[in-house]
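The data block below is protein_7.cif; it holds mmCIF, C-alpha atoms.
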data_protein
loop_
_atom_site.label_atom_id
_atom_site.label_comp_id
_atom_site.auth_asym_id
_atom_site.auth_seq_id
_atom_site.Cartn_x
_atom_site.Cartn_y
_atom_site.Cartn_z
CA MET A 2 -10.50 -16.91 19.96
CA ALA A 3 -13.56 -15.14 18.55
CA GLU A 4 -14.19 -13.85 22.04
CA PHE A 5 -10.70 -12.37 22.11
CA PHE A 6 -11.19 -10.56 18.83
CA ASN A 7 -14.60 -9.34 19.90
CA MET A 8 -13.09 -7.48 22.90
CA GLY A 9 -16.38 -7.59 24.80
CA GLY A 10 -18.14 -5.63 22.08
CA TYR A 11 -15.45 -2.95 21.90
CA ALA A 12 -13.61 -4.61 18.99
CA GLY A 13 -13.98 -1.62 16.67
CA TYR A 14 -12.54 0.80 19.18
CA VAL A 15 -9.74 -1.38 20.55
CA TRP A 16 -8.49 -2.77 17.24
CA SER A 17 -8.67 0.54 15.41
CA CYS A 18 -6.45 2.04 18.13
CA TYR A 19 -3.91 -0.76 17.88
CA GLY A 20 -4.05 -0.78 14.08
CA LEU A 21 -3.59 2.97 13.86
CA THR A 22 -0.68 2.90 16.28
CA LEU A 23 1.04 0.10 14.37
CA ALA A 24 0.54 1.94 11.08
CA VAL A 25 2.02 5.17 12.40
CA LEU A 26 4.96 3.36 14.05
CA LEU A 27 5.79 1.62 10.76
CA GLY A 28 5.24 4.83 8.80
CA ASN A 29 7.59 6.76 11.06
CA LEU A 30 10.26 4.14 10.64
CA TRP A 31 9.83 4.15 6.88
CA PHE A 32 9.81 7.95 6.51
CA ALA A 33 13.00 8.24 8.56
CA ARG A 34 14.70 5.51 6.49
CA ARG A 35 13.61 7.11 3.22
CA ASP A 36 14.85 10.52 4.34
CA LEU A 37 18.20 9.04 5.37
CA ALA A 38 18.53 7.10 2.10
CA SER A 39 17.90 10.23 0.03
CA GLN A 40 20.46 12.20 2.05
CA VAL A 41 23.01 9.40 1.62
CA LEU A 42 22.34 9.41 -2.11
CA ARG A 43 22.81 13.18 -2.35
CA ALA A 44 26.02 13.07 -0.32
CA THR A 45 27.34 10.24 -2.48
CA ARG A 46 26.59 12.19 -5.65
CA ARG A 47 28.30 15.27 -4.23
CA SER A 48 31.41 13.34 -3.36
CA GLN A 49 31.53 11.67 -6.77
CA THR A 50 31.05 14.82 -8.84
CA SER A 51 33.61 16.94 -7.04
CA GLY A 52 36.34 14.68 -5.78
CA THR A 53 36.97 14.66 -2.07
CA ALA A 54 35.47 17.91 -0.86
CA GLY A 55 31.87 18.01 -2.10
CA ASP A 56 30.43 21.08 -3.79
CA ALA A 57 30.08 24.40 -2.05
CA SER A 58 26.45 25.13 -2.91
CA MET B 30 32.94 10.86 31.06
CA TRP B 31 33.21 14.42 29.78
CA LEU B 32 35.67 13.32 27.19
CA TRP B 33 33.13 10.87 25.92
CA PHE B 34 30.54 13.65 25.63
CA TYR B 35 32.93 15.77 23.61
CA LYS B 36 33.62 12.84 21.38
CA LEU B 37 29.91 12.11 20.93
CA ALA B 38 29.25 15.72 20.01
CA SER B 39 31.50 15.36 16.98
CA PRO B 40 29.36 14.61 13.92
CA PRO B 41 31.50 11.78 12.46
CA TYR B 42 31.50 9.91 15.75
CA ALA B 43 27.78 10.48 16.40
CA TYR B 44 26.99 9.37 12.84
CA ALA B 45 28.82 6.09 13.38
CA VAL B 46 27.36 5.51 16.86
CA ALA B 47 23.79 6.14 15.64
CA ALA B 48 24.28 3.62 12.83
CA LYS B 49 25.59 0.98 15.24
CA LEU B 50 22.93 1.51 17.92
CA ARG B 51 19.87 1.54 15.70
CA PRO B 52 19.35 -2.22 15.11
CA TRP B 53 19.80 -3.00 18.81
CA LEU B 54 17.30 -0.34 19.84
CA LEU B 55 14.82 -1.29 17.16
CA TRP B 56 14.83 -5.03 17.78
CA SER B 57 14.63 -4.72 21.54
CA ALA B 58 11.69 -2.33 21.02
CA VAL B 59 9.95 -4.83 18.71
CA ILE B 60 10.41 -7.72 21.14
CA LEU B 61 9.29 -5.74 24.19
CA MET B 62 6.29 -4.36 22.31
CA ALA B 63 5.18 -7.86 21.36
CA ILE B 64 5.46 -9.06 24.96
CA ALA B 65 3.69 -5.97 26.31
CA ALA B 66 0.90 -6.28 23.73
CA TYR B 67 0.37 -9.91 24.71
CA GLY B 68 0.36 -8.90 28.37
CA GLY B 69 -2.08 -6.08 27.79
CA LEU B 70 -4.45 -7.74 25.33
CA VAL B 71 -4.47 -11.32 26.61
CA MET B 72 -3.11 -11.64 30.13
CA ALA B 73 -4.39 -8.50 31.85
CA PRO B 74 -7.85 -8.93 33.40
CA MET B 75 -10.84 -6.94 32.20
CA ASP B 76 -11.44 -3.59 33.87
CA TYR B 77 -14.54 -3.65 36.07
CA GLN B 78 -15.85 -0.33 34.74
CA GLN B 79 -14.51 -0.05 31.21
CA LYS B 80 -14.46 -3.79 30.38
CA ASP B 81 -12.17 -4.58 27.43
CA ALA B 82 -12.15 -0.99 26.17
CA PHE B 83 -9.56 -0.14 28.83
CA ARG B 84 -7.00 -2.11 26.79
CA ILE B 85 -6.62 0.99 24.63
CA ILE B 86 -4.51 2.29 27.54
CA TYR B 87 -1.55 0.21 26.30
CA VAL B 88 -1.22 2.29 23.14
CA HIS B 89 -2.74 5.56 24.35
CA VAL B 90 -0.62 6.21 27.46
CA PRO B 91 2.78 5.40 25.89
CA THR B 92 2.11 7.60 22.84
CA ALA B 93 0.82 10.45 25.02
CA THR B 94 3.79 10.17 27.39
CA LEU B 95 6.20 10.14 24.47
CA SER B 96 4.51 13.19 22.92
CA LEU B 97 5.75 15.11 25.98
CA THR B 98 9.05 13.28 26.56
CA VAL B 99 10.14 13.81 22.96
CA TYR B 100 9.35 17.50 23.30
CA ILE B 101 11.52 17.75 26.42
CA VAL B 102 14.39 16.04 24.56
CA LEU B 103 13.84 18.46 21.68
CA ALA B 104 13.80 21.58 23.89
CA VAL B 105 16.81 20.50 26.01
CA SER B 106 18.82 19.75 22.86
CA ALA B 107 17.81 23.07 21.33
CA GLY B 108 18.82 24.82 24.56
CA ILE B 109 22.21 23.09 24.62
CA GLY B 110 22.70 24.02 20.97
CA LEU B 111 21.82 27.63 21.67
CA ILE B 112 23.99 28.04 24.78
CA TRP B 113 27.08 26.03 23.89
CA ARG B 114 26.72 26.36 20.11
CA ILE B 115 26.90 22.64 19.50
CA LYS B 116 25.78 21.82 15.97
CA LEU B 117 24.90 18.25 16.83
CA ALA B 118 22.49 19.37 19.57
CA HIS B 119 20.53 21.38 17.00
CA ALA B 120 20.53 18.37 14.70
CA VAL B 121 19.06 16.23 17.50
CA ALA B 122 16.35 18.83 18.16
CA ALA B 123 15.40 18.99 14.50
CA ALA B 124 15.38 15.19 14.31
CA CYS B 125 12.97 14.92 17.27
CA ALA B 126 10.22 17.11 15.81
CA PRO B 127 8.54 14.84 13.24
CA ILE B 128 8.67 11.83 15.58
CA GLY B 129 7.12 13.80 18.44
CA ALA B 130 4.46 15.23 16.17
CA TRP B 131 3.42 11.73 15.11
CA PHE B 132 3.23 10.57 18.72
CA THR B 133 0.99 13.54 19.49
CA VAL B 134 -1.28 12.69 16.56
CA LEU B 135 -1.50 9.11 17.83
CA ALA B 136 -2.25 10.23 21.39
CA LEU B 137 -5.06 12.46 20.15
CA ALA B 138 -6.45 9.84 17.78
CA THR B 139 -6.39 6.90 20.20
CA GLY B 140 -7.77 9.17 22.94
CA SER B 141 -10.59 10.21 20.68
CA ILE B 142 -11.42 6.60 19.79
CA TRP B 143 -11.35 5.72 23.50
CA GLY B 144 -13.48 8.73 24.37
CA LYS B 145 -16.35 7.74 22.10
CA PRO B 146 -17.48 4.61 24.02
CA MET B 147 -16.48 5.93 27.46
CA TRP B 148 -17.51 9.58 27.38
CA GLY B 149 -19.98 9.38 24.53
CA THR B 150 -18.08 11.89 22.41
CA TRP B 151 -15.08 11.90 20.07
CA TRP B 152 -13.93 15.31 21.19
CA GLU B 153 -14.52 17.72 24.03
CA TRP B 154 -12.80 21.08 24.62
CA ASP B 155 -11.44 19.76 27.86
CA PRO B 156 -8.16 21.01 29.46
CA ARG B 157 -6.21 17.79 28.76
CA LEU B 158 -7.43 17.41 25.20
CA THR B 159 -7.02 21.08 24.35
CA SER B 160 -3.51 21.34 25.79
CA GLU B 161 -2.47 18.18 23.92
CA LEU B 162 -3.81 19.73 20.71
CA ILE B 163 -1.68 22.83 21.44
CA GLN B 164 1.25 20.42 21.84
CA LEU B 165 0.67 19.23 18.28
CA PHE B 166 0.59 22.83 17.05
CA LEU B 167 3.89 23.48 18.85
CA TYR B 168 5.54 20.64 16.94
CA LEU B 169 4.02 21.82 13.67
CA GLY B 170 4.99 25.42 14.38
CA TYR B 171 8.54 24.36 15.20
CA MET B 172 8.85 22.46 11.92
CA ALA B 173 7.21 25.25 9.91
CA LEU B 174 9.54 27.83 11.43
CA ARG B 175 12.59 25.69 10.62
CA SER B 176 11.57 25.21 7.02
CA SER B 177 10.99 28.94 6.56
CA PHE B 178 14.74 29.63 6.79
CA ASP B 179 17.15 28.79 4.01
CA ASP B 180 20.10 29.16 6.33
CA THR B 181 20.44 26.22 8.73
CA GLN B 182 22.15 28.20 11.48
CA ARG B 183 19.44 30.83 11.57
CA ALA B 184 16.78 28.13 11.48
CA ASP B 185 18.51 26.42 14.41
CA ARG B 186 18.61 29.54 16.56
CA ALA B 187 15.11 30.82 15.83
CA SER B 188 13.47 27.42 16.24
CA ALA B 189 15.43 26.77 19.44
CA ILE B 190 13.86 29.83 21.05
CA LEU B 191 10.38 28.70 20.02
CA ALA B 192 11.13 25.22 21.37
CA ILE B 193 12.26 26.55 24.74
CA VAL B 194 9.29 28.90 25.13
CA GLY B 195 6.99 26.03 24.18
CA VAL B 196 8.16 23.96 27.15
CA VAL B 197 5.58 25.79 29.31
CA ASN B 198 2.92 23.65 27.69
CA VAL B 199 4.44 20.37 28.93
CA PRO B 200 3.47 20.78 32.62
CA VAL B 201 0.12 22.18 31.50
CA VAL B 202 -0.63 18.95 29.63
CA LYS B 203 0.73 16.78 32.43
CA TYR B 204 -1.09 18.42 35.31
CA SER B 205 -4.23 19.51 33.43
CA VAL B 206 -6.15 16.58 34.91
CA VAL B 207 -5.09 17.59 38.43
CA TRP B 208 -5.42 21.38 38.19
CA TRP B 209 -8.79 21.49 36.46
CA ASN B 210 -11.92 19.48 36.66
CA SER B 211 -11.30 17.46 33.54
CA LEU B 212 -13.37 14.84 31.77
CA HIS B 213 -10.12 12.94 31.39
CA GLN B 214 -9.29 10.58 34.24
CA GLY B 215 -6.43 11.38 36.60
CA PRO B 216 -3.05 9.65 36.60
CA SER B 217 -3.01 5.96 37.56
CA ILE B 218 0.76 5.61 37.78
CA SER B 219 2.91 7.69 40.06
CA LEU B 220 6.54 7.73 41.03
CA THR B 221 5.88 9.11 44.49
CA ARG B 222 2.66 7.41 45.52
CA GLU B 223 1.43 3.88 45.11
CA SER B 224 -0.08 3.33 41.67
CA THR B 225 -3.84 2.95 41.56
CA ILE B 226 -3.66 0.21 38.96
CA THR B 227 -3.18 -3.45 39.73
CA GLY B 228 0.08 -5.27 38.96
CA SER B 229 -1.23 -7.52 36.18
CA MET B 230 -2.52 -4.43 34.35
CA LEU B 231 0.49 -2.30 35.23
CA TRP B 232 3.47 -4.30 33.99
CA PRO B 233 2.38 -4.41 30.33
CA LEU B 234 1.90 -0.64 30.49
CA LEU B 235 5.36 0.04 31.91
CA LEU B 236 6.93 -2.43 29.47
CA MET B 237 5.10 -0.80 26.56
CA LEU B 238 6.35 2.60 27.72
CA LEU B 239 9.93 1.32 27.73
CA ALA B 240 9.42 -0.26 24.29
CA PHE B 241 8.12 3.03 22.88
CA MET B 242 11.15 4.87 24.27
CA LEU B 243 13.48 2.38 22.60
CA TYR B 244 11.51 2.72 19.37
CA PHE B 245 11.83 6.51 19.57
CA ALA B 246 15.59 6.19 20.06
CA ALA B 247 15.83 3.86 17.05
CA VAL B 248 13.96 6.24 14.74
CA LEU B 249 15.93 9.15 16.17
CA CYS B 250 19.18 7.41 15.11
CA ASP B 251 18.07 7.47 11.46
CA ARG B 252 16.77 11.02 11.66
CA ILE B 253 19.95 12.29 13.34
CA ARG B 254 22.08 10.73 10.63
CA ALA B 255 19.95 12.37 7.93
CA GLU B 256 20.27 15.72 9.75
CA ILE B 257 24.05 15.34 10.01
CA LEU B 258 24.28 14.63 6.28
CA LYS B 259 22.19 17.73 5.53
CA ARG B 260 24.52 19.89 7.61
CA GLU B 261 27.98 18.50 6.92
CA ARG B 262 27.95 19.17 3.22
CA ASN B 263 31.62 19.74 2.73
CA ALA B 264 33.20 17.53 5.31
CA SER B 265 35.72 15.08 3.94
CA TRP B 266 34.89 12.40 6.51
CA LEU B 267 31.43 12.14 4.92
CA ASN B 268 32.74 10.46 1.79
CA ALA B 269 34.09 7.51 3.69
CA ALA B 270 31.04 7.27 5.95
CA VAL B 271 28.59 7.47 3.06
CA GLU B 272 30.43 4.87 1.04
CA THR B 273 30.26 2.33 3.85
CA THR B 274 26.51 3.00 4.31
CA ALA B 275 25.86 2.79 0.58
CA ALA B 276 27.70 -0.49 0.43
CA ARG B 277 25.53 -1.94 3.17
CA ALA B 278 22.20 -0.57 1.88
#
So that I can check it, write out the structure of this file as structure tokens.
Amino acid sequence: MAEFFNMGGYAGYVWSCYGLTLAVLLGNLWFARRDLASQVLRATRRSQTSGTAGDAS
Amino acid sequence: MWLWFYKLASPPYAYAVAAKLRPWLLWSAVILMAIAAYGGLVMAPMDYQQKDAFRIIYVHVPTATLSLTVYIVLAVSAGIGLIWRIKLAHAVAAACAPIGAWFTVLALATGSIWGKPMWGTWWEWDPRLTSELIQLFLYLGYMALRSSFDDTQRADRASAILAIVGVVNVPVVKYSVVWWNSLHQGPSISLTRESTITGSMLWPLLLMLLAFMLYFAAVLCDRIRAEILKRERNASWLNAAVETTAARA
């Protein structure tokens, strides 16, 4: 097991690549979700404040 | 078939389809990534030259490939939007940009980390590395240009032209290792010739590539929906669609 994590002495390079990739993949997912949630919220507010048609601004 | 395309190009339908597809795409991506990572990190044998450091290939090649594939999707969508004036196509193009930019950052970062032990340097002004850096600037330029317009339609048209012109860089990145004497190694996988990488090392790579494409599609679903909401401010169908999403969230 320790041998696996050691990656033949390249542990720092290999695991930092995988860690970085995982972090960016999760970040991307989260940013997209957050963006969508804020747009949904804005659209909901628009529809509530002005009946069916949303505001023109 | 064409009818289905027309239907898909309508924002309400696309919004609903994107919402339905996303979990399937995301979970299949997660499962395939886990299998491919196991295959690449545990099952694949050590490379005789690069030892275990070669295992970086399983994150570096998919992100680098996607940095170009996403750009092609972006430019083709922008072109379709420009020629046939389809709003949804512009929305897809705009939705691609941040995802592609992040893949490019990852490709550069993992390549740099891989370069240190193998080439002895983090960075070299080599054709492959330089053209990939230009790729990042293309994404950033595209996004900057979009945000400089208040009017969405003008932003769509201007950024579409930039996106289409920028396509010239895609073959430059791809063939840079063939055209010039590059520090970067040549391609190991090929559609036309036999791959120069052994099967037990190859299948995790191809599987990882597929997983990254599914992941891209999943994130794209969310980004497209956000873009549609930004654009369809006054549409009455939005109220119903938004209420069902809000109820689920």
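All of the residues in chain A within 6 Å of chain B are Met8, Gly9, Tyr11, Tyr14, Val15, Cys18, Leu30, Ala33, Leu37, Gln40, Ala54 and Gly55 of chain A, where all atoms listed in the file were counted.
Taking atom CA of B:Gly195 as the reference point, atom CA of B:Leu174 is found at 13.1 Å.
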task = Just say which residues the PyMOL selection byres ((chain B and resi 123) around 9) picks in this file, as a ChimeraX atom specification.
result = /B:103,107,118-122,124-127,171-172,175,185,188,252-253,256
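All residues that come within 9 Å of the coordinates (4.4, -1.3, 15.7), counting only C-alpha atoms, are given as Tyr19, Gly20, Thr22, Leu23, Ala24, Val25, Leu26 and Leu27 of chain A; Val59, Met62, Ala63 and Tyr244 of chain B.
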Polymer residues at most 12 Å from stretch 215-229 of chain B, all atoms listed in the file, same-chain spacing of 5 or more positions, as a ChimeraX atom specification = /B:65,67-77,83,86,90,94,157,202-210,234-236,238
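Relative to atom CA of B:Ser211, atom CA of B:Asp155 is found at 6.1 Å.
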Padded axis-aligned box of stretch 7-14 of chain A (5 Å per side), centre and edge lengths, Å, one decimal, as JSON:
{"center_x": -15.3, "center_y": -4.3, "center_z": 20.7, "size_x": 15.6, "size_y": 20.1, "size_z": 18.1}
task = Select, from B:Ala187, B:Leu32, B:Val196, B:Leu212, the residue with the minimum atom-to-atom distance to B:Ala173, counting all atoms listed in the file.
result = B:Ala187
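Using only C-alpha atoms for every distance, the candidate list B:Gly170, B:Leu165, B:Lys116, B:Ile193 yields B:Lys116 as the residue closest to B:Leu37.
You will find atom CA of B:Ser160 at 19.9 Å from atom CA of B:Ile190.
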key: Shell around B:Leu167 at 9 Å using all atoms listed in the file, local window under 5 positions removed, as a list in words   = Ala130, Leu162, Met172, Leu191, Ala192, Gly195 and Asn198 of chain B
Using C-alpha atoms, can you export the residues from the last selection as a PDB file, keeping the file's coordinate frame?
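Listing of part19.pdb after writing:
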ATOM      1  CA  ALA B 130       4.460  15.230  16.170  1.00  0.00           C
ATOM      2  CA  LEU B 162      -3.810  19.730  20.710  1.00  0.00           C
ATOM      3  CA  MET B 172       8.850  22.460  11.920  1.00  0.00           C
ATOM      4  CA  LEU B 191      10.380  28.700  20.020  1.00  0.00           C
ATOM      5  CA  ALA B 192      11.130  25.220  21.370  1.00  0.00           C
ATOM      6  CA  GLY B 195       6.990  26.030  24.180  1.00  0.00           C
ATOM      7  CA  ASN B 198       2.920  23.650  27.690  1.00  0.00           C
TER       8      ASN B 198
END
All heavy atoms modelled onto stretch 37-48 of chain A, as a CSV table (one decimal), in the coordinates of the input:
chain,number,residue,atom,x,y,z
A,37,LEU,N,16.8,9.3,5.2
A,37,LEU,CA,18.2,9.0,5.4
A,37,LEU,C,18.8,8.5,4.0
A,37,LEU,O,19.8,9.0,3.6
A,37,LEU,CB,18.4,8.0,6.5
A,37,LEU,CG,19.9,7.5,6.7
A,37,LEU,CD1,20.8,8.6,7.1
A,37,LEU,CD2,19.9,6.4,7.7
A,38,ALA,N,18.0,7.6,3.4
A,38,ALA,CA,18.5,7.1,2.1
A,38,ALA,C,18.7,8.2,1.1
A,38,ALA,O,19.7,8.2,0.3
A,38,ALA,CB,17.6,6.0,1.6
A,39,SER,N,17.8,9.2,1.0
A,39,SER,CA,17.9,10.2,0.0
A,39,SER,C,19.1,11.2,0.4
A,39,SER,O,19.7,11.7,-0.5
A,39,SER,CB,16.6,11.0,-0.1
A,39,SER,OG,16.4,11.9,1.0
A,40,GLN,N,19.3,11.4,1.7
A,40,GLN,CA,20.5,12.2,2.0
A,40,GLN,C,21.8,11.5,1.7
A,40,GLN,O,22.7,12.1,1.3
A,40,GLN,CB,20.4,12.5,3.5
A,40,GLN,CG,19.3,13.5,3.9
A,40,GLN,CD,19.5,14.9,3.3
A,40,GLN,OE1,20.6,15.3,3.0
A,40,GLN,NE2,18.4,15.5,3.0
A,41,VAL,N,21.8,10.2,1.9
A,41,VAL,CA,23.0,9.4,1.6
A,41,VAL,C,23.3,9.5,0.1
A,41,VAL,O,24.4,9.7,-0.3
A,41,VAL,CB,22.9,7.9,2.1
A,41,VAL,CG1,24.0,7.0,1.5
A,41,VAL,CG2,22.9,7.8,3.6
A,42,LEU,N,22.2,9.4,-0.7
A,42,LEU,CA,22.3,9.4,-2.1
A,42,LEU,C,22.9,10.8,-2.6
A,42,LEU,O,23.8,10.8,-3.4
A,42,LEU,CB,21.0,9.2,-2.7
A,42,LEU,CG,21.0,8.8,-4.2
A,42,LEU,CD1,21.6,7.4,-4.4
A,42,LEU,CD2,19.5,8.8,-4.8
A,43,ARG,N,22.4,11.8,-2.0
A,43,ARG,CA,22.8,13.2,-2.4
A,43,ARG,C,24.3,13.4,-2.0
A,43,ARG,O,25.0,14.0,-2.7
A,43,ARG,CB,21.9,14.2,-1.7
A,43,ARG,CG,20.6,14.4,-2.4
A,43,ARG,CD,19.6,15.2,-1.6
A,43,ARG,NE,20.0,16.6,-1.6
A,43,ARG,CZ,19.2,17.5,-1.0
A,43,ARG,NH1,18.1,17.1,-0.4
A,43,ARG,NH2,19.5,18.8,-1.0
A,44,ALA,N,24.6,12.9,-0.8
A,44,ALA,CA,26.0,13.1,-0.3
A,44,ALA,C,27.0,12.3,-1.2
A,44,ALA,O,28.1,12.7,-1.5
A,44,ALA,CB,26.1,12.7,1.1
A,45,THR,N,26.5,11.1,-1.6
A,45,THR,CA,27.3,10.2,-2.5
A,45,THR,C,27.6,10.9,-3.8
A,45,THR,O,28.7,11.0,-4.3
A,45,THR,CB,26.7,8.9,-2.7
A,45,THR,OG1,26.2,8.4,-1.5
A,45,THR,CG2,27.6,7.9,-3.3
A,46,ARG,N,26.5,11.5,-4.4
A,46,ARG,CA,26.6,12.2,-5.6
A,46,ARG,C,27.5,13.4,-5.6
A,46,ARG,O,28.4,13.6,-6.4
A,46,ARG,CB,25.2,12.7,-6.1
A,46,ARG,CG,24.4,11.6,-6.7
A,46,ARG,CD,23.4,12.2,-7.7
A,46,ARG,NE,22.4,11.2,-8.0
A,46,ARG,CZ,21.1,11.3,-7.6
A,46,ARG,NH1,20.7,12.3,-7.0
A,46,ARG,NH2,20.3,10.3,-7.9
A,47,ARG,N,27.4,14.1,-4.4
A,47,ARG,CA,28.3,15.3,-4.2
A,47,ARG,C,29.8,14.8,-4.2
A,47,ARG,O,30.6,15.5,-4.8
A,47,ARG,CB,28.0,16.0,-2.9
A,47,ARG,CG,27.0,17.1,-3.0
A,47,ARG,CD,27.1,18.0,-1.8
A,47,ARG,NE,27.0,17.4,-0.5
A,47,ARG,CZ,25.8,17.1,0.1
A,47,ARG,NH1,24.7,17.5,-0.4
A,47,ARG,NH2,25.8,16.5,1.3
A,48,SER,N,30.0,13.8,-3.5
A,48,SER,CA,31.4,13.3,-3.4
A,48,SER,C,31.9,12.8,-4.7
A,48,SER,O,33.1,12.9,-5.0
A,48,SER,CB,31.6,12.3,-2.2
A,48,SER,OG,31.1,11.1,-2.7
